[in-house]
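Chemist: My questions will all concern the structure given below.
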Amino acid sequence: MTSGQSGSLFPEIEAEQRRLAEDPAKNDHPEAGGHWLVEVALKVPLPQTFHYKVPLPLRQTVTIGQRCQVPFGRRNLTGFIVGLPTETDIPEPKLRVLSDIIDKDAVFNEEMLELCQWLSHYYASPLAEVLEVALPKSVIREWKRRKMLRPDSILTRTDTLTEGRVGSGATKILDILEKRPEGVALENLMEAAGVARGTVRRCISRGWVVAKNPDDEDETVLSELETKPVLTDEQSVAVTALKKDLDDKLFSASLLFGITGSGKTEVYLRVIEHGLALGRGAIVLVPEIALTPQTTRRFRARFGGHVAVLHSKLSDYERWKAWQRVKKGEANVVIGPRSALFAPVQNLGLIVVDEEHESTYKQERSPRYHARDAAVLRAKRLNAVVVLGSATPSLESFQNALAGRYRLLRLMKRAGAGRLPKVQIVDMGAEWREVRGMPLISRQLARLVRESLERGERAILFLNRRGFTTYLHCPQCQYVHKCSHCDIALTYHKKKDIVLCHFCAERFKVPTKSCPECHGPPLKHKGAGTERIEEVCQKVFPMAKIERIDSDTVRSGEGVEVKLGRFRRGEVDLLIGTQMIARGLDIPEVTAVGIINADTSLGHPDFRATERTFQLIAQVAGRAGRGQLEGRTIVQTFNPAEPSILAASKHDYDTFAMREIPARKMLGYPPFGRLLHLLVRDENQQKAESEADRLVDYLKARLPEDCRILGPAISPRAYLANKFRFQALIKAPTPSAIQSIMMDAMDFKSNTNVEVILDRDPAYLM
Ligand code: ADP
Ligand code: ZN
């Protein structure tokens, strides 16, 4: 940021400012015309906004939506102008003067401001923090133009001969690239050569190496215009209804509940197309992991240059450019994760939230907003249409549909040739009794995969855990080897030969000698992650060409898309992966899918544990049988009678929901009650505990009727990143009851020196 220190962006104003500095008396007339006061939101841990006096030369220029520089204490801070009040309670001597404005034009408009104000109030987060989420960082930071190097930029060697001094880092880079003519991703190159980004940049500036970003084609308008399929009857009903809503220019909210492969995306495309014809733009939210080139290609093929994709790997410059294109109206279909909801689309007519049940729509740091709920709100305020799509809707959305608040649009059949796969449950307890040696892959699953591969088809094995073994344990004293900063068992990674904390990423040496607790025998490796499944598969399916996709292989190898490309083309026939492959994959040749362990989230102390289990099985199973060929899925579990697993294996959402909904109702959990999760954390255990007690007492004394407070209790994650954690949960019948409790909690928060985190409508209770 250059303004502030080095003067105003506008020379005329600067000159005027200098003249006035010589005659400060002139600065003080409220009647001098223009705006003499501004209301500023600042990123400080206080809930309120602040008034500043505007110096005369800026009075005609200030407007809502600009960023500004203001004195605060002894610092100079950047803030957002959120109001132009005409009077203030602050007495003149205390009223401080705005130092400068940063933007000539507003970076947000009133609609955005009101949305952010609402979210700030609802989630009790400072307004400036919400505005920061709404504006891309690159706009906030005023990006400096640099060569767009991203972690996934592909670097290749040029023909330019090296001359002059070539450092040892550069030599390593050139050696590696010499051997890899297809290029290497920046992050891998840096790791392999052991060099910093600057060394790579120097090689580029000397012309020895060139960088290309995987989606550089974004700029060109793809016109591989695919032929539009004839809509199925079910799709037609949905499209007709949604088009009419757009015509009527009224708010409507619909739940598009369509099984995997039923053609929900085609519905979005048709409705967006209709909106564009009416001059109305669209936002399509997708979970970050589903934001693959396969998804975006379909939108680009239909809408070409109208599309702007906002994914997390964009460089600041690319993000800034995309945001500008949207703001100017050059792009009016925005696709992106959670924060794309705030895109400044002109004349926004439609918001789609695809895979609306995904918990990644909830931000797990302040502001802890839920993008799905915020999408409904934004659509309502704009008289726009919102469509929530899912094969496994959240119970919140399903209940909203049952209660008539959302229109329910169902797609019960697969759109193209595909049929839902047959799902078989394998009881791993029985398998372990029958087969000695506790196999990770049951005989049934091995047979299914083998048969598919023999027919030249493809298979996917899914396990929601990375690493080799998932914990180390002493068979004598039951000691579990944990991270020294967190109360979390360490995972063994065989290739790197380390144990790793999956929470704080700290690495430790693998203990090989006796148990550190009882000094008995060495620790035993337990549990299985994807790395171990890969090793097992190499033995069980010796002819298979295997690929593993999880955050380990993606970080230290090629990107997901390169790996998926090989699978799609059939160069790989067995894919092993974590949730990175659970969603959205649409590959017709996949006929066998195995879920190695369906129980991973069942044991969590969370009322959504069964819902997550159901969603996971239904979504993963949905990867099979998407083409002409029949697909089959095997679910391995130690809980073969668990109702959520049984229902998922029959693709029977309704049975699952009808069982789950009354239970939630009885216990006052969402969608029937509202929750507020409170977390108190501190490095000092006693302080954290006693302040948690004090917080709960404070709230109990003020608790509205019909509300309940559970706890305080030690968090299921008692110790993370060197901090002790205590929690409480509040159940209230209405949003307004939660709001009043939140206000009390905020009062308490301003009078304690421990961290208190308020999470309204929490996604997780840990
Ligand atoms: P979903 O998003 O519901 O999982 P998709 O939109 O990905 O489903 O559609 C699944 C497959 O069916 C895709 O390959 C898509 O091209 C195809 N498809 C969608 N609609 C039709 C249709 N009306 N006729 C034929 N094929 C279709
Ligand atoms: Zn840790």
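Letters for chains follow the order of the structure tokens (A, B, ...), residue numbers begin at 1 for each chain, and ligand numbers begin at 1 in the order shown.
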Write out as a tab-separated table the residues of chain A that have any atom within 7 Å of an atom of ligand 2, one row each with the nearest atom pair and its distance in Å to one decimal, counting only C-alpha atoms and all ligand atoms, sorted by chain and then rising number.

Modeler:
```
residue	atom	partner	partner_atom_place_in_ligand_line	distance
A:Cys483	CA	ligand 2	1 (Zn)	4.7
A:Ser484	CA	ligand 2	1 (Zn)	6.4
A:His485	CA	ligand 2	1 (Zn)	4.7
A:Cys486	CA	ligand 2	1 (Zn)	4.3
A:Ile488	CA	ligand 2	1 (Zn)	6.6
A:Cys501	CA	ligand 2	1 (Zn)	4.7
A:His502	CA	ligand 2	1 (Zn)	6.8
A:Phe503	CA	ligand 2	1 (Zn)	5.2
A:Cys504	CA	ligand 2	1 (Zn)	4.1
A:Ala505	CA	ligand 2	1 (Zn)	6.1
A:Glu506	CA	ligand 2	1 (Zn)	5.7
A:Leu720	CA	ligand 2	1 (Zn)	6.5
A:Ala721	CA	ligand 2	1 (Zn)	5.8
```

Chemist: Take the selection from the previous step and output its residues with N, CA and C atoms, as a PDB file, in the first residue's frame.

Modeler:
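What follows is the written file result-v7.pdb:
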```pdb
ATOM      1  N   CYS A 483       0.741 -35.547  19.159  1.00  0.00           N
ATOM      2  CA  CYS A 483       1.473 -34.306  18.886  1.00  0.00           C
ATOM      3  C   CYS A 483       1.740 -33.590  20.203  1.00  0.00           C
ATOM      4  N   SER A 484       2.905 -32.956  20.305  1.00  0.00           N
ATOM      5  CA  SER A 484       3.191 -32.277  21.573  1.00  0.00           C
ATOM      6  C   SER A 484       2.470 -30.934  21.683  1.00  0.00           C
ATOM      7  N   HIS A 485       1.868 -30.454  20.583  1.00  0.00           N
ATOM      8  CA  HIS A 485       1.116 -29.194  20.649  1.00  0.00           C
ATOM      9  C   HIS A 485      -0.394 -29.421  20.662  1.00  0.00           C
ATOM     10  N   CYS A 486      -0.808 -30.635  20.284  1.00  0.00           N
ATOM     11  CA  CYS A 486      -2.237 -30.882  20.087  1.00  0.00           C
ATOM     12  C   CYS A 486      -2.597 -32.227  20.700  1.00  0.00           C
ATOM     13  N   ILE A 488      -3.844 -34.800  19.540  1.00  0.00           N
ATOM     14  CA  ILE A 488      -4.220 -35.496  18.307  1.00  0.00           C
ATOM     15  C   ILE A 488      -3.176 -36.566  18.020  1.00  0.00           C
ATOM     16  N   CYS A 501       1.417 -34.430  12.489  1.00  0.00           N
ATOM     17  CA  CYS A 501       0.159 -33.991  13.098  1.00  0.00           C
ATOM     18  C   CYS A 501      -0.712 -33.415  11.988  1.00  0.00           C
ATOM     19  N   HIS A 502      -1.888 -33.989  11.785  1.00  0.00           N
ATOM     20  CA  HIS A 502      -2.754 -33.498  10.706  1.00  0.00           C
ATOM     21  C   HIS A 502      -3.475 -32.222  11.104  1.00  0.00           C
ATOM     22  N   PHE A 503      -3.305 -31.789  12.330  1.00  0.00           N
ATOM     23  CA  PHE A 503      -3.893 -30.500  12.672  1.00  0.00           C
ATOM     24  C   PHE A 503      -2.897 -29.364  12.476  1.00  0.00           C
ATOM     25  N   CYS A 504      -1.726 -29.445  13.140  1.00  0.00           N
ATOM     26  CA  CYS A 504      -0.806 -28.307  13.070  1.00  0.00           C
ATOM     27  C   CYS A 504       0.350 -28.554  12.113  1.00  0.00           C
ATOM     28  N   ALA A 505       0.367 -29.742  11.468  1.00  0.00           N
ATOM     29  CA  ALA A 505       1.361 -30.068  10.445  1.00  0.00           C
ATOM     30  C   ALA A 505       2.787 -30.219  10.988  1.00  0.00           C
ATOM     31  N   GLU A 506       2.936 -30.298  12.287  1.00  0.00           N
ATOM     32  CA  GLU A 506       4.279 -30.526  12.848  1.00  0.00           C
ATOM     33  C   GLU A 506       4.720 -31.971  12.553  1.00  0.00           C
ATOM     34  N   LEU A 720      -5.207 -27.988  21.297  1.00  0.00           N
ATOM     35  CA  LEU A 720      -4.802 -27.822  19.899  1.00  0.00           C
ATOM     36  C   LEU A 720      -3.883 -26.622  19.809  1.00  0.00           C
ATOM     37  N   ALA A 721      -2.816 -26.770  19.016  1.00  0.00           N
ATOM     38  CA  ALA A 721      -1.882 -25.671  18.804  1.00  0.00           C
ATOM     39  C   ALA A 721      -1.521 -24.973  20.112  1.00  0.00           C
TER      40      ALA A 721
END
```

Chemist: Enumerate, in order of chain and increasing residue number, the residues of chain A with an atom no farther than 8 Å from ligand 1, each with its shortest atom pair and distance in Å to one decimal, counting only C-alpha atoms and all ligand atoms, as CSV.

Modeler:
```
residue,atom,partner,partner_atom_place_in_ligand_line,distance
A:Pro229,CA,ligand 1,24 (N),4.7
A:Val230,CA,ligand 1,23 (N),4.8
A:Leu231,CA,ligand 1,23 (N),3.7
A:Thr232,CA,ligand 1,23 (N),4.7
A:Gln235,CA,ligand 1,23 (N),7.0
A:Gly258,CA,ligand 1,3 (O),5.8
A:Ile259,CA,ligand 1,3 (O),6.1
A:Thr260,CA,ligand 1,4 (O),4.1
A:Gly261,CA,ligand 1,4 (O),3.5
A:Ser262,CA,ligand 1,3 (O),4.0
A:Gly263,CA,ligand 1,6 (O),3.3
A:Lys264,CA,ligand 1,3 (O),3.8
A:Thr265,CA,ligand 1,6 (O),3.7
A:Glu266,CA,ligand 1,6 (O),5.0
A:Val267,CA,ligand 1,6 (O),7.5
A:Ser390,CA,ligand 1,3 (O),7.7
A:Ala391,CA,ligand 1,3 (O),7.2
A:Arg414,CA,ligand 1,12 (O),7.0
A:Ala415,CA,ligand 1,21 (C),4.6
A:Gly416,CA,ligand 1,26 (N),3.7
A:Ala417,CA,ligand 1,26 (N),7.2
A:Gly418,CA,ligand 1,12 (O),7.7
A:Gly584,CA,ligand 1,4 (O),6.5
A:Asp586,CA,ligand 1,14 (O),6.5
A:Arg626,CA,ligand 1,11 (C),7.0
```

Chemist: Find the residues around range 694-702 of chain A up to 7 Å (only C-alpha atoms counted), leave out those fewer than 5 positions away in its own chain, and share them as a compact mmCIF listing (two decimals) with N, CA and C atoms, in the first residue's frame.

Modeler:
```txt
# COMPACT_ATOMS: atom_id res chain seq x y z
N PRO A 712 -20.24 -25.79 30.74
CA PRO A 712 -19.03 -26.00 29.93
C PRO A 712 -18.45 -27.41 30.09
N ASP A 744 -25.03 -10.94 24.84
CA ASP A 744 -24.49 -11.13 26.19
C ASP A 744 -23.08 -11.72 26.13
N ALA A 745 -22.91 -12.68 25.23
CA ALA A 745 -21.59 -13.31 25.11
C ALA A 745 -20.54 -12.30 24.65
N PHE A 748 -19.49 -10.29 27.59
CA PHE A 748 -18.54 -11.04 28.40
C PHE A 748 -17.16 -11.02 27.74
```

Chemist: Using DSSP on the backbone, list every residue of range 281-406 of chain A that comes out as helix (DSSP H, G or I), and give them as number ranges by chain.

Modeler: A: 288-290, 293-306, 316-327, 338-342, 359-361, 371-382, 395-402

Chemist: So how far away is CA of Arg608 in chain A from CA of Gly429 in chain A, in Å?

Modeler: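 Interatomic distance, CA of Gly429 in chain A to CA of Arg608 in chain A: 24.6 Å.
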
Chemist: When you count only C-alpha atoms, which of these residues is closest to Thr171 in chain A: A:Gln424, A:Thr199, A:Thr296, A:Gln66?

Modeler: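 Smallest distance to Thr171 in chain A is found for A:Thr199.
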
Chemist: Which residues, written as an NGL selection string, have at least one atom at most 12 Å from Thr63 in chain A, with only C-alpha atoms counted and residues fewer than 4 positions away on the same chain left out?

Modeler: :A and (34-40 or 54 or 58-59 or 67-68 or 80-85 or 101-110)

Chemist: List as a list in words the protein and nucleic acid residues near Ala384 in chain A, meaning an atom at most 6 Å away when only C-alpha atoms are counted, but skip any in the same chain fewer than 3 places from it.

Modeler: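 Near neighbours after the sequence-gap exclusion: Phe251, Gly349, Leu350 and Ala379 of chain A.
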
Chemist: Just to be explicit: take each residue in the selection above, keep C-alpha atoms, and write the result as an mmCIF file, in the first residue's frame.

Modeler:
```cif
data_model
loop_
_atom_site.group_PDB
_atom_site.id
_atom_site.type_symbol
_atom_site.label_atom_id
_atom_site.label_comp_id
_atom_site.auth_asym_id
_atom_site.auth_seq_id
_atom_site.Cartn_x
_atom_site.Cartn_y
_atom_site.Cartn_z
ATOM 1 C CA PHE A 251 -37.468 -13.717 -5.151
ATOM 2 C CA GLY A 349 -30.693 -12.594 -11.271
ATOM 3 C CA LEU A 350 -29.681 -16.074 -10.139
ATOM 4 C CA ALA A 379 -31.156 -13.262 -3.475
#
```

Chemist: Got a sec to tell me which of range 220-282 of chain A DSSP assigns to strand (DSSP E or B), as a list in words?

Modeler: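 Here is the list: Ser252, Ala253, Ser254, Leu255, Leu256, Phe257, Gly258, Gly281 and Ala282 of chain A.
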
Chemist: For each of A:Leu564, A:Ser740, A:Leu177, A:Val423, take the minimum atom-to-atom distance to Lys650 in chain A, counting only C-alpha atoms, then give the residue where this is smallest.

Modeler: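 Going through A:Leu564, A:Ser740, A:Leu177, A:Val423 one by one, the smallest distance to Lys650 in chain A is for A:Val423.
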
Chemist: Using only C-alpha atoms, which residue out of A:Leu676, A:Leu115, A:Ala732, A:Leu382 lies closest to Ala134 in chain A?

Modeler: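 Selected residue with least distance to Ala134 in chain A: A:Leu115.
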
Chemist: Leaving out Tyr669 in chain A and any residue of its chain fewer than 5 positions from it, which residues lie within 10 Å of it when counting only C-alpha atoms, given as a list in words?

Modeler: Phe607, Arg608, Ile661, Ala663, Arg664, Arg674, Leu675, Lys731, Ala732 and Pro733 of chain A

Chemist: Output the selection as a PDB file, in the first residue's frame - all heavy atoms for each residue.

Modeler:
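Once everything was written out, this is again10.pdb:
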```pdb
ATOM      1  N   PHE A 607     -24.057 -34.127  16.304  1.00  0.00           N
ATOM      2  CA  PHE A 607     -25.385 -34.602  15.899  1.00  0.00           C
ATOM      3  C   PHE A 607     -25.482 -34.820  14.393  1.00  0.00           C
ATOM      4  O   PHE A 607     -26.420 -35.452  13.916  1.00  0.00           O
ATOM      5  CB  PHE A 607     -26.490 -33.648  16.382  1.00  0.00           C
ATOM      6  CG  PHE A 607     -26.490 -32.315  15.683  1.00  0.00           C
ATOM      7  CD1 PHE A 607     -27.313 -32.087  14.587  1.00  0.00           C
ATOM      8  CD2 PHE A 607     -25.663 -31.292  16.110  1.00  0.00           C
ATOM      9  CE1 PHE A 607     -27.316 -30.873  13.939  1.00  0.00           C
ATOM     10  CE2 PHE A 607     -25.653 -30.063  15.466  1.00  0.00           C
ATOM     11  CZ  PHE A 607     -26.472 -29.847  14.374  1.00  0.00           C
ATOM     12  N   ARG A 608     -24.511 -34.302  13.633  1.00  0.00           N
ATOM     13  CA  ARG A 608     -24.554 -34.535  12.194  1.00  0.00           C
ATOM     14  C   ARG A 608     -23.747 -35.762  11.759  1.00  0.00           C
ATOM     15  O   ARG A 608     -23.558 -35.990  10.571  1.00  0.00           O
ATOM     16  CB  ARG A 608     -24.036 -33.316  11.438  1.00  0.00           C
ATOM     17  CG  ARG A 608     -24.987 -32.111  11.494  1.00  0.00           C
ATOM     18  CD  ARG A 608     -24.628 -31.102  10.415  1.00  0.00           C
ATOM     19  NE  ARG A 608     -25.486 -29.932  10.480  1.00  0.00           N
ATOM     20  CZ  ARG A 608     -25.204 -28.846  11.201  1.00  0.00           C
ATOM     21  NH1 ARG A 608     -24.094 -28.791  11.910  1.00  0.00           N
ATOM     22  NH2 ARG A 608     -26.029 -27.813  11.201  1.00  0.00           N
ATOM     23  N   ILE A 661     -35.223 -36.714  11.002  1.00  0.00           N
ATOM     24  CA  ILE A 661     -35.921 -35.464  11.313  1.00  0.00           C
ATOM     25  C   ILE A 661     -36.623 -35.506  12.678  1.00  0.00           C
ATOM     26  O   ILE A 661     -36.446 -34.594  13.489  1.00  0.00           O
ATOM     27  CB  ILE A 661     -36.878 -35.073  10.151  1.00  0.00           C
ATOM     28  CG1 ILE A 661     -36.028 -34.509   9.001  1.00  0.00           C
ATOM     29  CG2 ILE A 661     -37.930 -34.075  10.585  1.00  0.00           C
ATOM     30  CD1 ILE A 661     -36.797 -34.179   7.747  1.00  0.00           C
ATOM     31  N   ALA A 663     -35.868 -37.240  15.246  1.00  0.00           N
ATOM     32  CA  ALA A 663     -34.850 -37.260  16.305  1.00  0.00           C
ATOM     33  C   ALA A 663     -34.317 -35.854  16.550  1.00  0.00           C
ATOM     34  O   ALA A 663     -34.158 -35.423  17.696  1.00  0.00           O
ATOM     35  CB  ALA A 663     -33.708 -38.196  15.908  1.00  0.00           C
ATOM     36  N   ARG A 664     -34.083 -35.139  15.483  1.00  0.00           N
ATOM     37  CA  ARG A 664     -33.593 -33.763  15.633  1.00  0.00           C
ATOM     38  C   ARG A 664     -34.643 -32.889  16.333  1.00  0.00           C
ATOM     39  O   ARG A 664     -34.315 -32.041  17.149  1.00  0.00           O
ATOM     40  CB  ARG A 664     -33.301 -33.155  14.256  1.00  0.00           C
ATOM     41  CG  ARG A 664     -32.232 -33.849  13.468  1.00  0.00           C
ATOM     42  CD  ARG A 664     -30.871 -33.247  13.727  1.00  0.00           C
ATOM     43  NE  ARG A 664     -29.866 -33.926  12.942  1.00  0.00           N
ATOM     44  CZ  ARG A 664     -29.367 -33.453  11.802  1.00  0.00           C
ATOM     45  NH1 ARG A 664     -29.767 -32.301  11.327  1.00  0.00           N
ATOM     46  NH2 ARG A 664     -28.454 -34.128  11.135  1.00  0.00           N
ATOM     47  N   ARG A 674     -32.044 -23.569  17.059  1.00  0.00           N
ATOM     48  CA  ARG A 674     -30.851 -22.861  16.592  1.00  0.00           C
ATOM     49  C   ARG A 674     -29.736 -23.098  17.590  1.00  0.00           C
ATOM     50  O   ARG A 674     -29.982 -23.204  18.789  1.00  0.00           O
ATOM     51  CB  ARG A 674     -31.133 -21.365  16.478  1.00  0.00           C
ATOM     52  CG  ARG A 674     -32.197 -21.024  15.454  1.00  0.00           C
ATOM     53  CD  ARG A 674     -31.807 -21.603  14.114  1.00  0.00           C
ATOM     54  NE  ARG A 674     -32.683 -21.122  13.065  1.00  0.00           N
ATOM     55  CZ  ARG A 674     -32.278 -20.257  12.128  1.00  0.00           C
ATOM     56  NH1 ARG A 674     -31.062 -19.784  12.118  1.00  0.00           N
ATOM     57  NH2 ARG A 674     -33.118 -19.888  11.182  1.00  0.00           N
ATOM     58  N   LEU A 675     -28.495 -23.146  17.100  1.00  0.00           N
ATOM     59  CA  LEU A 675     -27.357 -23.414  17.972  1.00  0.00           C
ATOM     60  C   LEU A 675     -26.357 -22.270  17.970  1.00  0.00           C
ATOM     61  O   LEU A 675     -26.171 -21.580  16.959  1.00  0.00           O
ATOM     62  CB  LEU A 675     -26.610 -24.678  17.513  1.00  0.00           C
ATOM     63  CG  LEU A 675     -27.378 -25.988  17.485  1.00  0.00           C
ATOM     64  CD1 LEU A 675     -26.444 -27.117  17.053  1.00  0.00           C
ATOM     65  CD2 LEU A 675     -27.983 -26.301  18.844  1.00  0.00           C
ATOM     66  N   LYS A 731     -28.754 -24.039  22.912  1.00  0.00           N
ATOM     67  CA  LYS A 731     -29.868 -24.400  22.030  1.00  0.00           C
ATOM     68  C   LYS A 731     -30.986 -23.404  22.272  1.00  0.00           C
ATOM     69  O   LYS A 731     -31.365 -23.177  23.420  1.00  0.00           O
ATOM     70  CB  LYS A 731     -30.411 -25.786  22.387  1.00  0.00           C
ATOM     71  CG  LYS A 731     -29.534 -26.941  22.023  1.00  0.00           C
ATOM     72  CD  LYS A 731     -30.333 -28.205  22.333  1.00  0.00           C
ATOM     73  CE  LYS A 731     -29.467 -29.429  22.242  1.00  0.00           C
ATOM     74  NZ  LYS A 731     -30.226 -30.634  22.679  1.00  0.00           N
ATOM     75  N   ALA A 732     -31.499 -22.834  21.201  1.00  0.00           N
ATOM     76  CA  ALA A 732     -32.576 -21.865  21.349  1.00  0.00           C
ATOM     77  C   ALA A 732     -33.621 -22.159  20.286  1.00  0.00           C
ATOM     78  O   ALA A 732     -33.296 -22.662  19.214  1.00  0.00           O
ATOM     79  CB  ALA A 732     -32.032 -20.453  21.189  1.00  0.00           C
ATOM     80  N   PRO A 733     -34.885 -21.845  20.605  1.00  0.00           N
ATOM     81  CA  PRO A 733     -35.929 -22.150  19.631  1.00  0.00           C
ATOM     82  C   PRO A 733     -35.938 -21.202  18.435  1.00  0.00           C
ATOM     83  O   PRO A 733     -36.371 -21.578  17.356  1.00  0.00           O
ATOM     84  CB  PRO A 733     -37.224 -22.046  20.434  1.00  0.00           C
ATOM     85  CG  PRO A 733     -36.889 -21.177  21.595  1.00  0.00           C
ATOM     86  CD  PRO A 733     -35.429 -21.332  21.873  1.00  0.00           C
TER      87      PRO A 733
END
```

Chemist: As a ChimeraX atom specification, please: the residues near Lys53 in chain A (cut-off 10 Å, only C-alpha atoms, same-chain neighbours under 2 positions excluded).

Modeler: /A:27-28,30,35-39,51,55-56,59,70,88,92,95-99
